[in-house]
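Asks: Input query-v5.txt, format and content: compact mmCIF, C-alpha atoms.
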# COMPACT_ATOMS: atom_id res chain seq x y z
CA MET U 22 0.00 0.00 0.00
CA ALA U 23 1.03 3.61 -0.56
CA ASP U 24 2.82 5.22 2.36
CA LEU U 25 0.60 8.07 3.64
CA ARG U 26 2.86 9.05 6.52
CA ASN U 27 3.27 12.82 6.60
CA ASN U 28 6.20 14.96 7.72
CA PHE U 29 5.15 18.60 7.65
CA VAL U 30 7.98 20.94 8.73
CA GLY U 31 9.14 18.23 11.12
CA ILE U 32 5.65 17.56 12.47
CA LYS U 33 4.91 13.88 11.93
CA SER U 34 1.48 12.27 11.55
CA PRO U 35 0.30 8.89 10.23
CA ASN U 36 -1.56 10.51 7.33
CA PRO U 37 -1.90 13.99 5.78
CA PHE U 38 -5.48 14.56 6.98
CA TRP U 39 -5.74 17.10 9.79
CA LEU U 40 -8.82 18.72 11.29
CA ALA U 41 -8.74 22.50 10.92
CA SER U 42 -9.09 24.92 13.79
CA ALA U 43 -12.88 25.09 14.27
CA PRO U 44 -15.71 23.73 16.45
CA PRO U 45 -14.66 20.08 15.82
CA THR U 46 -11.39 20.74 17.66
CA ASP U 47 -12.76 22.82 20.53
CA LYS U 48 -12.18 20.35 23.36
CA ALA U 49 -10.52 17.09 24.36
CA TYR U 50 -13.73 15.08 23.90
CA ASN U 51 -13.96 16.01 20.23
CA VAL U 52 -10.26 15.57 19.53
CA GLU U 53 -10.11 12.15 21.19
CA ARG U 54 -13.03 10.99 19.04
CA ALA U 55 -11.31 12.37 15.96
CA PHE U 56 -8.08 10.53 16.66
CA LYS U 57 -9.97 7.29 17.29
CA ALA U 58 -11.64 7.74 13.90
CA GLY U 59 -8.22 8.00 12.23
CA TRP U 60 -7.38 11.68 11.75
CA GLY U 61 -3.65 12.27 11.50
CA GLY U 62 -3.67 15.57 13.35
CA VAL U 63 -5.73 18.47 14.61
CA VAL U 64 -5.34 22.21 14.87
CA TRP U 65 -6.94 23.08 18.21
CA LYS U 66 -9.66 25.71 18.04
CA THR U 67 -8.07 29.15 18.28
CA LEU U 68 -6.82 30.19 21.70
CA GLY U 69 -7.02 33.78 22.93
CA GLU U 70 -5.02 35.69 25.51
CA GLU U 71 -5.22 35.18 29.25
CA GLY U 72 -8.25 36.81 30.86
CA PRO U 73 -12.02 36.63 30.40
CA PRO U 74 -12.86 34.40 27.40
CA VAL U 75 -14.65 35.86 24.40
CA VAL U 76 -18.45 35.60 24.41
CA ASN U 77 -20.15 33.88 21.48
CA VAL U 78 -23.76 34.39 20.44
CA ASN U 79 -26.22 32.03 22.12
CA GLY U 80 -28.33 31.64 19.04
CA PRO U 81 -27.90 30.67 15.39
CA ARG U 82 -24.24 30.69 14.33
CA TYR U 83 -24.49 29.19 10.85
CA GLY U 84 -26.02 30.05 7.51
CA ALA U 85 -26.04 27.56 4.65
CA ILE U 86 -26.15 27.19 0.88
CA TRP U 87 -27.61 23.92 -0.42
CA GLY U 88 -27.66 22.18 -3.77
CA ALA U 89 -30.86 20.97 -5.40
CA ASP U 90 -30.61 17.69 -3.48
CA ARG U 91 -30.20 19.53 -0.14
CA ARG U 92 -26.51 18.67 -0.14
CA LEU U 93 -24.56 21.26 1.84
CA LEU U 94 -22.43 23.33 -0.55
CA GLY U 95 -21.39 26.21 1.66
CA LEU U 96 -21.50 27.12 5.33
CA ASN U 97 -21.30 30.63 6.77
CA ASN U 98 -20.42 31.02 10.45
CA ILE U 99 -20.34 33.93 12.88
CA GLU U 100 -18.66 31.99 15.67
CA LEU U 101 -15.59 33.52 17.33
CA ILE U 102 -12.47 31.85 18.73
CA THR U 103 -12.78 29.48 21.69
CA ASP U 104 -15.05 30.74 24.47
CA ARG U 105 -13.47 28.30 26.92
CA ASP U 106 -10.90 29.39 29.52
CA LEU U 107 -7.33 29.42 28.21
CA TYR U 108 -5.97 27.20 30.98
CA THR U 109 -8.73 24.65 30.51
CA ASN U 110 -7.74 24.35 26.88
CA LEU U 111 -4.05 24.10 27.72
CA ARG U 112 -4.62 21.31 30.26
CA GLU U 113 -6.71 19.33 27.79
CA MET U 114 -4.18 19.82 24.99
CA LYS U 115 -1.40 18.48 27.19
CA GLN U 116 -3.40 15.41 28.17
CA VAL U 117 -4.47 14.66 24.58
CA LYS U 118 -0.89 14.91 23.34
CA MET U 119 0.23 12.50 26.07
CA ASN U 120 -2.52 10.07 25.07
CA TRP U 121 -1.80 10.31 21.33
CA PRO U 122 1.95 10.95 20.87
CA ASP U 123 1.90 9.77 17.25
CA ARG U 124 -0.69 12.37 16.16
CA ALA U 125 -0.02 15.99 15.26
CA LEU U 126 -1.43 18.57 17.66
CA ILE U 127 -1.15 22.21 16.60
CA ALA U 128 -2.23 25.19 18.68
CA SER U 129 -4.02 27.93 16.77
CA ILE U 130 -3.41 31.30 18.41
CA MET U 131 -4.92 34.77 18.07
CA VAL U 132 -3.93 37.55 20.47
CA PRO U 133 -3.62 41.33 20.05
CA CYS U 134 -0.96 42.58 17.67
CA GLU U 135 1.41 43.44 20.51
CA GLU U 136 4.76 41.79 21.19
CA GLU U 137 4.09 41.25 24.90
CA ALA U 138 0.83 39.41 24.18
CA TRP U 139 2.60 36.89 21.92
CA LYS U 140 5.57 36.63 24.26
CA ALA U 141 3.23 35.75 27.13
CA ILE U 142 1.15 33.03 25.47
CA LEU U 143 3.85 31.13 23.57
CA PRO U 144 5.56 29.54 26.61
CA LEU U 145 2.17 28.42 27.92
CA VAL U 146 1.41 26.65 24.65
CA GLU U 147 4.90 25.20 24.42
CA GLU U 148 4.50 23.59 27.85
CA THR U 149 1.59 21.48 26.55
CA GLY U 150 3.90 19.54 24.27
CA ALA U 151 2.10 20.80 21.17
CA ASP U 152 3.92 20.07 17.93
CA GLY U 153 3.58 23.56 16.51
CA ILE U 154 1.53 26.74 16.39
CA GLU U 155 -0.72 28.20 13.73
CA LEU U 156 -1.09 31.98 13.68
CA ASN U 157 -4.72 32.80 12.93
CA PHE U 158 -4.49 35.79 10.58
CA GLY U 159 -7.62 34.80 8.70
CA CYS U 160 -10.83 35.08 10.74
CA PRO U 161 -12.92 37.72 8.89
CA HIS U 162 -15.59 38.44 11.50
CA GLY U 163 -15.85 39.45 15.13
CA MET U 164 -12.17 39.28 15.95
CA SER U 165 -11.17 41.38 12.92
CA GLU U 166 -13.23 44.25 14.31
CA ARG U 167 -10.96 44.02 17.38
CA GLY U 168 -7.78 44.39 15.33
CA MET U 169 -7.00 40.66 15.08
CA GLY U 170 -7.63 37.88 12.56
CA SER U 171 -7.92 39.17 8.99
CA ALA U 172 -7.25 42.72 10.20
CA VAL U 173 -3.66 41.53 10.64
CA GLY U 174 -3.71 39.13 7.70
CA GLN U 175 -4.53 41.94 5.27
CA VAL U 176 -1.39 43.91 6.21
CA PRO U 177 1.80 42.13 5.10
CA GLU U 178 3.98 44.29 7.37
CA TYR U 179 2.01 43.14 10.43
CA ILE U 180 2.29 39.52 9.35
CA GLU U 181 6.06 39.72 9.03
CA MET U 182 6.33 41.48 12.38
CA VAL U 183 4.26 38.94 14.34
CA VAL U 184 5.96 35.97 12.68
CA ARG U 185 9.34 37.39 13.74
CA TRP U 186 8.12 37.68 17.33
CA CYS U 187 6.92 34.09 17.33
CA LYS U 188 10.13 32.74 15.84
CA GLN U 189 12.01 34.65 18.54
CA TYR U 190 9.97 33.42 21.48
CA THR U 191 9.25 29.76 20.69
CA ARG U 192 11.06 26.63 19.55
CA MET U 193 7.89 25.29 17.94
CA PRO U 194 7.38 25.34 14.15
CA VAL U 195 5.31 28.34 13.07
CA ILE U 196 2.51 27.95 10.53
CA THR U 197 0.98 31.21 9.31
CA LYS U 198 -2.71 30.94 8.38
CA LEU U 199 -3.59 33.33 5.55
CA THR U 200 -6.83 35.12 4.78
CA PRO U 201 -8.42 34.88 1.33
CA ASN U 202 -9.99 38.31 1.86
CA ILE U 203 -7.21 40.07 0.02
CA THR U 204 -6.44 41.05 -3.56
CA ASP U 205 -3.19 39.12 -3.99
CA VAL U 206 -2.53 36.23 -1.61
CA ARG U 207 1.12 36.11 -2.63
CA ARG U 208 1.91 39.32 -0.73
CA PRO U 209 1.02 38.01 2.76
CA ALA U 210 2.73 34.71 1.93
CA ARG U 211 5.90 36.56 0.99
CA ALA U 212 5.68 38.58 4.21
CA ALA U 213 5.30 35.43 6.30
CA LYS U 214 8.32 33.90 4.63
CA ALA U 215 10.33 37.08 5.19
CA GLY U 216 9.42 36.87 8.87
CA GLY U 217 10.79 33.33 9.04
CA THR U 218 7.60 31.27 9.05
CA ASP U 219 8.09 27.53 8.67
CA ALA U 220 4.93 27.13 6.59
CA VAL U 221 1.66 28.74 5.57
CA SER U 222 -1.86 27.36 5.69
CA LEU U 223 -4.76 28.56 3.55
CA ILE U 224 -7.45 29.43 3.00
CA ASN U 225 -9.31 30.70 6.02
CA THR U 226 -12.97 31.56 5.54
CA ILE U 227 -14.28 34.09 3.00
CA ASN U 228 -16.16 37.17 4.16
CA SER U 229 -19.79 36.66 3.25
CA ILE U 230 -23.52 37.01 3.74
CA VAL U 231 -25.09 33.82 2.41
CA SER U 232 -28.77 34.83 2.42
CA VAL U 233 -31.34 37.29 3.70
CA ASP U 234 -34.56 36.51 5.58
CA LEU U 235 -37.15 38.21 3.36
CA ASP U 236 -39.77 38.20 6.11
CA ASN U 237 -37.57 39.90 8.72
CA PHE U 238 -35.24 41.67 6.26
CA ALA U 239 -32.12 40.55 8.13
CA PRO U 240 -29.08 38.48 7.04
CA ASN U 241 -28.93 34.81 8.02
CA PRO U 242 -28.08 33.62 10.59
CA THR U 243 -30.36 36.10 12.36
CA VAL U 244 -29.77 36.84 16.03
CA GLY U 245 -32.46 38.94 17.70
CA GLY U 246 -33.53 40.49 14.41
CA LYS U 247 -30.01 41.40 13.27
CA GLY U 248 -27.39 39.61 11.20
CA SER U 249 -23.70 40.05 10.45
CA HIS U 250 -21.17 39.09 7.82
CA GLY U 251 -19.42 35.82 8.59
CA GLY U 252 -16.87 33.33 7.31
CA TYR U 253 -17.81 31.17 4.30
CA CYS U 254 -16.43 27.65 3.90
CA GLY U 255 -17.35 24.26 2.46
CA PRO U 256 -17.23 22.68 -1.02
CA ALA U 257 -18.18 25.96 -2.71
CA VAL U 258 -14.89 27.63 -1.72
CA LYS U 259 -12.63 24.85 -3.00
CA PRO U 260 -11.92 26.47 -6.42
CA ILE U 261 -10.82 29.69 -4.72
CA ALA U 262 -8.63 27.77 -2.30
CA LEU U 263 -6.99 25.68 -5.03
CA ASN U 264 -6.11 28.80 -6.98
CA MET U 265 -4.56 30.53 -3.97
CA VAL U 266 -2.53 27.46 -3.02
CA ALA U 267 -1.25 27.21 -6.59
CA GLU U 268 -0.37 30.92 -6.68
CA ILE U 269 1.89 30.53 -3.66
CA ALA U 270 3.33 27.22 -4.85
CA ARG U 271 4.43 28.68 -8.19
CA ASP U 272 5.49 32.14 -7.01
CA PRO U 273 9.31 32.38 -7.34
CA GLU U 274 9.44 34.35 -4.06
CA THR U 275 7.66 31.62 -2.04
CA TYR U 276 8.67 28.62 -4.13
CA GLY U 277 9.31 25.66 -1.81
CA LEU U 278 7.49 27.17 1.17
CA PRO U 279 5.50 24.31 2.79
CA ILE U 280 1.73 24.71 2.46
CA SER U 281 -1.13 23.19 4.45
CA GLY U 282 -4.13 23.24 2.12
CA ILE U 283 -7.59 24.18 3.43
CA GLY U 284 -10.91 24.89 1.75
CA GLY U 285 -13.84 22.64 0.88
CA ILE U 286 -12.04 19.30 1.09
CA THR U 287 -14.72 16.60 1.25
CA THR U 288 -13.31 13.59 -0.63
CA TRP U 289 -9.94 11.94 -1.21
CA ARG U 290 -9.97 13.46 -4.70
CA ASP U 291 -10.27 16.96 -3.25
CA ALA U 292 -7.28 16.24 -1.03
CA ALA U 293 -5.26 14.86 -3.94
CA GLU U 294 -5.93 18.02 -5.95
CA PHE U 295 -4.56 20.19 -3.15
CA LEU U 296 -1.51 17.96 -2.81
CA VAL U 297 -0.59 17.98 -6.49
CA LEU U 298 -1.01 21.77 -6.56
CA GLY U 299 1.66 22.17 -3.91
CA ALA U 300 0.13 21.44 -0.50
CA SER U 301 2.09 19.04 1.72
CA ASN U 302 -0.97 18.13 3.79
CA VAL U 303 -4.61 19.19 4.12
CA GLN U 304 -6.97 20.45 6.80
CA VAL U 305 -10.69 19.65 6.89
CA CYS U 306 -13.60 21.20 8.76
CA THR U 307 -16.99 21.43 7.00
CA ALA U 308 -16.93 17.83 5.76
CA ALA U 309 -16.43 16.58 9.31
CA MET U 310 -19.21 18.84 10.58
CA THR U 311 -21.51 17.51 7.84
CA TYR U 312 -20.72 13.79 7.86
CA GLY U 313 -18.90 13.14 11.14
CA PHE U 314 -15.33 12.21 11.96
CA LYS U 315 -15.40 8.81 10.25
CA ILE U 316 -15.34 10.46 6.83
CA VAL U 317 -11.56 10.44 7.18
CA GLN U 318 -11.59 6.67 6.67
CA GLU U 319 -12.97 7.12 3.16
CA MET U 320 -10.36 9.80 2.48
CA ILE U 321 -7.50 7.59 3.63
CA THR U 322 -8.70 4.55 1.67
CA GLY U 323 -9.48 6.54 -1.47
CA LEU U 324 -6.15 8.36 -1.55
CA SER U 325 -4.22 5.17 -0.85
CA ASP U 326 -6.08 3.20 -3.55
CA TRP U 327 -5.55 5.93 -6.15
CA MET U 328 -1.84 6.18 -5.34
CA ASP U 329 -1.50 2.39 -5.58
CA GLU U 330 -3.30 2.36 -8.93
CA LYS U 331 -1.05 5.08 -10.32
CA GLY U 332 2.16 3.68 -8.86
CA HIS U 333 2.84 6.53 -6.42
CA ARG U 334 4.75 5.21 -3.43
CA ASN U 335 4.44 8.09 -1.00
CA LEU U 336 3.22 11.66 -0.65
CA ASP U 337 6.47 13.09 -1.99
CA ASP U 338 5.69 11.40 -5.30
CA ILE U 339 2.59 13.53 -5.83
CA THR U 340 3.18 16.77 -3.92
CA GLY U 341 3.43 19.65 -6.36
CA ARG U 342 3.21 17.49 -9.49
CA ALA U 343 0.64 19.81 -11.12
CA VAL U 344 2.43 23.08 -10.32
CA PRO U 345 4.53 23.19 -13.54
CA ASN U 346 1.29 22.94 -15.53
CA VAL U 347 -0.21 26.06 -13.92
CA THR U 348 0.66 29.12 -15.98
CA ASP U 349 -0.61 32.59 -16.89
CA TRP U 350 -3.16 32.95 -19.70
CA GLN U 351 -0.66 34.67 -21.98
CA TYR U 352 1.41 31.48 -22.10
CA LEU U 353 -1.42 29.16 -23.17
CA ASN U 354 -1.05 27.43 -26.52
CA LEU U 355 -3.45 29.20 -28.89
CA ASN U 356 -2.79 26.57 -31.54
CA TYR U 357 -4.18 23.79 -29.37
CA ILE U 358 -7.59 22.88 -30.81
CA ALA U 359 -10.26 20.56 -29.42
CA LYS U 360 -13.82 19.84 -30.55
CA ALA U 361 -16.84 18.47 -28.70
CA LYS U 362 -18.09 15.00 -29.63
CA ILE U 363 -21.47 13.55 -28.63
CA ASP U 364 -21.79 9.82 -27.93
CA GLN U 365 -25.08 9.06 -29.67
CA ASP U 366 -25.55 5.81 -27.75
CA ALA U 367 -25.29 7.63 -24.41
CA CYS U 368 -27.33 10.69 -25.47
CA ILE U 369 -30.79 10.89 -23.82
CA LYS U 370 -31.99 13.60 -26.25
CA CYS U 371 -32.67 16.13 -23.49
CA GLY U 372 -31.44 19.02 -25.61
CA ARG U 373 -29.55 20.89 -22.92
CA CYS U 374 -26.40 21.06 -25.01
CA TYR U 375 -28.31 22.45 -27.99
CA ILE U 376 -30.15 25.11 -25.96
CA ALA U 377 -26.96 26.26 -24.18
CA CYS U 378 -24.99 26.47 -27.41
CA GLU U 379 -27.80 27.97 -29.52
CA ASP U 380 -28.90 30.63 -27.03
CA THR U 381 -25.65 31.60 -25.31
CA SER U 382 -22.69 30.38 -27.33
CA HIS U 383 -21.76 29.56 -30.92
CA GLN U 384 -24.69 27.77 -32.59
CA ALA U 385 -22.50 24.73 -33.17
CA ILE U 386 -24.98 21.92 -32.37
CA THR U 387 -27.78 20.65 -34.60
CA ASN U 388 -31.11 19.64 -33.07
CA PHE U 389 -32.77 17.80 -35.96
CA VAL U 390 -31.42 15.56 -38.70
CA ASP U 391 -33.77 14.29 -41.41
CA GLY U 392 -36.76 15.39 -39.34
CA ALA U 393 -35.71 13.43 -36.24
CA ARG U 394 -34.56 14.83 -32.90
CA HIS U 395 -30.78 14.44 -33.08
CA PHE U 396 -27.92 16.41 -31.58
CA GLU U 397 -24.55 16.62 -33.27
CA VAL U 398 -21.63 19.03 -33.15
CA MET U 399 -20.69 20.98 -36.29
CA ASP U 400 -16.89 21.17 -36.21
CA GLU U 401 -16.78 24.22 -38.45
CA GLU U 402 -18.66 26.23 -35.80
CA CYS U 403 -17.36 24.63 -32.56
CA VAL U 404 -14.83 26.76 -30.65
CA GLY U 405 -14.09 23.99 -28.13
CA CYS U 406 -15.46 25.95 -25.17
CA ASN U 407 -16.88 22.74 -23.54
CA LEU U 408 -20.03 24.45 -22.23
CA CYS U 409 -22.00 21.52 -23.64
CA VAL U 410 -19.90 19.13 -21.55
CA SER U 411 -20.65 21.18 -18.44
CA VAL U 412 -24.44 21.25 -18.89
CA CYS U 413 -24.90 17.65 -20.10
CA PRO U 414 -26.57 15.53 -17.37
CA VAL U 415 -24.97 12.29 -18.62
CA GLU U 416 -21.37 11.80 -17.57
CA ASN U 417 -18.97 11.27 -20.51
CA CYS U 418 -21.76 11.59 -23.07
CA ILE U 419 -20.02 14.65 -24.50
CA THR U 420 -16.23 14.70 -24.55
CA MET U 421 -13.56 17.04 -25.88
CA GLU U 422 -11.26 15.55 -28.50
CA GLN U 423 -7.96 17.19 -29.41
CA LEU U 424 -7.26 17.54 -33.10
CA PRO U 425 -4.02 15.81 -34.16
CA ALA U 426 -0.93 17.92 -34.85
CA GLY U 427 -0.95 19.33 -38.36
CA THR U 428 -4.75 19.30 -38.67
CA LEU U 429 -6.36 22.38 -40.24
CA ASP U 430 -9.21 23.82 -38.17
CA LYS U 431 -11.96 24.80 -40.61
CA ARG U 432 -13.33 27.42 -38.25
CA THR U 433 -10.14 29.40 -37.59
CA GLY U 434 -7.90 28.37 -40.47
CA ARG U 435 -5.19 27.52 -37.91
CA VAL U 436 -3.05 24.40 -38.05
CA VAL U 437 -2.51 22.49 -34.80
CA ASP U 438 1.12 23.22 -33.91
CA PRO U 439 3.11 20.09 -33.01
CA ASN U 440 5.80 22.25 -31.38
CA TYR U 441 3.42 22.93 -28.51
CA ALA U 442 2.69 19.26 -27.82
CA ASN U 443 4.63 19.23 -24.53
CA TRP U 444 3.81 22.57 -22.95
CA THR U 445 5.35 21.66 -19.58
CA THR U 446 8.83 21.96 -21.16
CA HIS U 447 8.14 24.75 -23.65
CA PRO U 448 10.54 27.75 -23.29
CA ASN U 449 7.61 30.20 -23.06
CA ASN U 450 6.39 28.50 -19.87
CA PRO U 451 7.90 30.43 -16.92
CA MET U 452 7.76 27.41 -14.60
CA ALA U 453 9.65 25.35 -17.22
CA ARG U 454 12.31 28.05 -17.42
CA GLN U 455 12.62 28.14 -13.65
CA ALA U 456 12.95 24.36 -13.47
CA ALA U 457 15.62 24.41 -16.15
CA GLU U 458 17.58 27.06 -14.30
Show this structure as structure tokens.
Replies:
Amino acid sequence: MADLRNNFVGIKSPNPFWLASAPPTDKAYNVERAFKAGWGGVVWKTLGEEGPPVVNVNGPRYGAIWGADRRLLGLNNIELITDRDLYTNLREMKQVKMNWPDRALIASIMVPCEEEAWKAILPLVEETGADGIELNFGCPHGMSERGMGSAVGQVPEYIEMVVRWCKQYTRMPVITKLTPNITDVRRPARAAKAGGTDAVSLINTINSIVSVDLDNFAPNPTVGGKGSHGGYCGPAVKPIALNMVAEIARDPETYGLPISGIGGITTWRDAAEFLVLGASNVQVCTAAMTYGFKIVQEMITGLSDWMDEKGHRNLDDITGRAVPNVTDWQYLNLNYIAKAKIDQDACIKCGRCYIACEDTSHQAITNFVDGARHFEVMDEECVGCNLCVSVCPVENCITMEQLPAGTLDKRTGRVVDPNYANWTTHPNNPMARQAAE
């Protein structure tokens, strides 16, 4: 079987699946259950400074977006960091680490942006035996209004400053958790690296209002007739997270910086996509809150089976494998040409492809042939956009087929250029140039 053992900046765990800092990691009871289910590590729900704990709302904390089948696609939360006493958390962390020495236990921390506040909490966390710390610079609600969370994560200079403090005052590896609520995620990643961070994790939740109660005219979740923006997570944010992970993985200024991937991971395939785009491990939250802790067993089995099937021996074999194939639009091969093909045996004659193409695209699909309902692609009109593939309800009924090198495209008059056949090594690809250097 494939070896799923993970070594993330010296933090070892039996597999790359960690629970993210969130309600599932709020107390020893939860974490013990998670480890029994098979999770390789946890990031303990974010700790605050010594003193009175924060106060969470005692009402609805979540808003949701569902698919047509009521499947949870996105979750918005207005919950703050842990509302449990700091020393209670520290005692439980120490006991859990003693009980499970082979699992990764990371302390998420958020305190005011003052050197003394970080200097005070770090020795307390270190005494628990935790394997590392994660700096929560991502939370977009509640704490950000107090000058913490994303209020720090949106200012690269603050990130670099706090990371330097933490590297000065603790022996533990430092993971910097980045906010997606920023124009260019590479800037905070560069700042964290400049400060000496051992790794980054991303993405934290996205600032959002998921819906509005049209009877009470207040955002959901509604608390006493009022609502607030919150943090959005779940399967719907995965495309945003994948892009941001890839941006950091291929940025020459952060190239090689270890990444813990977060954002909408629900299946083993999701995890594999993060890994091949440059993440060294993954963190999960919403999937566990939706399906329970045992979902990790499916993730472990699925990832292991896929790696065995493809001949990948360990995580190093797949980490970052897709990064060289991520490029800027200007470097795409404009002489690559593909056309849609409809499998007539699989076609159920629903007409979705025809309507989508006829009304909103390029009028490249017929709907009748010899008076009979029949859908077929006209190559001379098809631009290869694959909208028909996206709207077709039958998997693999419509596929995209690349034209062979040297073929003349009747629509554009272009010839498929054989010199672009292996784009990963083409001199116009910046990642290929970097690898060569």
Asks: Which value, in Å to one decimal, gives the distance between CA of Ile358 (chain U) and CA of Met399 (chain U)?
Replies: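 CA of Met399 (chain U) lies at a distance of 14.3 Å from CA of Ile358 (chain U).
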Asks: Hey, could you make a per-residue contact list for region 197-281 of chain U against region 329-350 of chain U with 7 Å as the cut-off, showing the nearest pair of atoms and its distance in Å to one decimal, counting all atoms listed in the file, sorted by chain and number, as JSON lines?
Replies:
{"residue": "U:Ala267", "atom": "CA", "partner": "U:Val344", "partner_atom": "CA", "distance": 6.7}
{"residue": "U:Ala270", "atom": "CA", "partner": "U:Val344", "partner_atom": "CA", "distance": 6.9}
{"residue": "U:Arg271", "atom": "CA", "partner": "U:Val344", "partner_atom": "CA", "distance": 6.3}
Asks: Excluding region 150-159 of chain U and residues on its chain fewer than 5 positions from it, collect all residues at most 8 Å away from it, counting all atoms listed in the file, and give them as an mmCIF file with C-alpha atoms, in the frame of the given file.
Replies:
data_model
loop_
_atom_site.group_PDB
_atom_site.id
_atom_site.type_symbol
_atom_site.label_atom_id
_atom_site.label_comp_id
_atom_site.auth_asym_id
_atom_site.auth_seq_id
_atom_site.Cartn_x
_atom_site.Cartn_y
_atom_site.Cartn_z
ATOM 1 C CA ILE U 32 5.650 17.560 12.470
ATOM 2 C CA VAL U 64 -5.340 22.210 14.870
ATOM 3 C CA THR U 67 -8.070 29.150 18.280
ATOM 4 C CA MET U 114 -4.180 19.820 24.990
ATOM 5 C CA LYS U 115 -1.400 18.480 27.190
ATOM 6 C CA LYS U 118 -0.890 14.910 23.340
ATOM 7 C CA ALA U 125 -0.020 15.990 15.260
ATOM 8 C CA LEU U 126 -1.430 18.570 17.660
ATOM 9 C CA ILE U 127 -1.150 22.210 16.600
ATOM 10 C CA ALA U 128 -2.230 25.190 18.680
ATOM 11 C CA SER U 129 -4.020 27.930 16.770
ATOM 12 C CA ILE U 130 -3.410 31.300 18.410
ATOM 13 C CA MET U 131 -4.920 34.770 18.070
ATOM 14 C CA MET U 169 -7.000 40.660 15.080
ATOM 15 C CA GLY U 170 -7.630 37.880 12.560
ATOM 16 C CA SER U 171 -7.920 39.170 8.990
ATOM 17 C CA ALA U 172 -7.250 42.720 10.200
ATOM 18 C CA VAL U 173 -3.660 41.530 10.640
ATOM 19 C CA GLY U 174 -3.710 39.130 7.700
ATOM 20 C CA ILE U 180 2.290 39.520 9.350
ATOM 21 C CA MET U 193 7.890 25.290 17.940
ATOM 22 C CA PRO U 194 7.380 25.340 14.150
ATOM 23 C CA VAL U 195 5.310 28.340 13.070
ATOM 24 C CA ILE U 196 2.510 27.950 10.530
ATOM 25 C CA THR U 197 0.980 31.210 9.310
ATOM 26 C CA LYS U 198 -2.710 30.940 8.380
ATOM 27 C CA LEU U 199 -3.590 33.330 5.550
ATOM 28 C CA THR U 200 -6.830 35.120 4.780
ATOM 29 C CA PRO U 201 -8.420 34.880 1.330
ATOM 30 C CA ILE U 224 -7.450 29.430 3.000
ATOM 31 C CA ASN U 225 -9.310 30.700 6.020
ATOM 32 C CA THR U 226 -12.970 31.560 5.540
#
Asks: Which residue, U:Ser34, U:Thr428, U:Thr109, U:Thr288, has the smallest gap to Tyr357 (chain U) when you use only C-alpha atoms?
Replies: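 The closest residue to Tyr357 (chain U) is U:Thr428.
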Asks: Any idea what the distance is between CA of Glu416 (chain U) and CA of Ala367 (chain U)?
Replies: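 So the answer is 8.9 Å.
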Asks: Could you jot down the CA of Gly427 (chain U) to CA of Lys362 (chain U) separation for me, Å, one decimal place?
Replies: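 Interatomic distance, CA of Gly427 (chain U) to CA of Lys362 (chain U): 19.7 Å.
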Asks: Return the single residue from U:Leu107, U:Val176, U:Ala220, U:Ile227 that is closest to Arg208 (chain U), with distances computed using all atoms listed in the file.
Replies: U:Val176
Asks: Please complete region 54-64 of chain U with N, CA and C atoms and give it back as a PDB file, keeping the file's coordinate frame.
Replies:
ATOM      1  N   ARG U  54     -12.173  11.714  19.995  1.00  0.00           N
ATOM      2  CA  ARG U  54     -13.030  10.990  19.040  1.00  0.00           C
ATOM      3  C   ARG U  54     -12.451  11.063  17.627  1.00  0.00           C
ATOM      4  N   ALA U  55     -11.895  12.206  17.284  1.00  0.00           N
ATOM      5  CA  ALA U  55     -11.310  12.370  15.960  1.00  0.00           C
ATOM      6  C   ALA U  55     -10.110  11.453  15.772  1.00  0.00           C
ATOM      7  N   PHE U  56      -9.251  11.390  16.767  1.00  0.00           N
ATOM      8  CA  PHE U  56      -8.080  10.530  16.660  1.00  0.00           C
ATOM      9  C   PHE U  56      -8.478   9.057  16.601  1.00  0.00           C
ATOM     10  N   LYS U  57      -9.493   8.674  17.354  1.00  0.00           N
ATOM     11  CA  LYS U  57      -9.970   7.290  17.290  1.00  0.00           C
ATOM     12  C   LYS U  57     -10.515   6.955  15.917  1.00  0.00           C
ATOM     13  N   ALA U  58     -11.086   7.959  15.243  1.00  0.00           N
ATOM     14  CA  ALA U  58     -11.640   7.740  13.900  1.00  0.00           C
ATOM     15  C   ALA U  58     -10.545   7.636  12.844  1.00  0.00           C
ATOM     16  N   GLY U  59      -9.327   8.148  13.167  1.00  0.00           N
ATOM     17  CA  GLY U  59      -8.220   8.000  12.230  1.00  0.00           C
ATOM     18  C   GLY U  59      -7.574   9.275  11.731  1.00  0.00           C
ATOM     19  N   TRP U  60      -7.995  10.438  12.207  1.00  0.00           N
ATOM     20  CA  TRP U  60      -7.380  11.680  11.750  1.00  0.00           C
ATOM     21  C   TRP U  60      -5.906  11.731  12.157  1.00  0.00           C
ATOM     22  N   GLY U  61      -5.078  12.227  11.246  1.00  0.00           N
ATOM     23  CA  GLY U  61      -3.650  12.270  11.500  1.00  0.00           C
ATOM     24  C   GLY U  61      -3.217  13.396  12.412  1.00  0.00           C
ATOM     25  N   GLY U  62      -4.020  14.440  12.504  1.00  0.00           N
ATOM     26  CA  GLY U  62      -3.670  15.570  13.350  1.00  0.00           C
ATOM     27  C   GLY U  62      -4.845  16.508  13.500  1.00  0.00           C
ATOM     28  N   VAL U  63      -4.705  17.442  14.425  1.00  0.00           N
ATOM     29  CA  VAL U  63      -5.730  18.470  14.610  1.00  0.00           C
ATOM     30  C   VAL U  63      -5.042  19.806  14.870  1.00  0.00           C
ATOM     31  N   VAL U  64      -5.715  20.868  14.451  1.00  0.00           N
ATOM     32  CA  VAL U  64      -5.340  22.210  14.870  1.00  0.00           C
ATOM     33  C   VAL U  64      -6.402  22.651  15.862  1.00  0.00           C
TER      34      VAL U  64
END
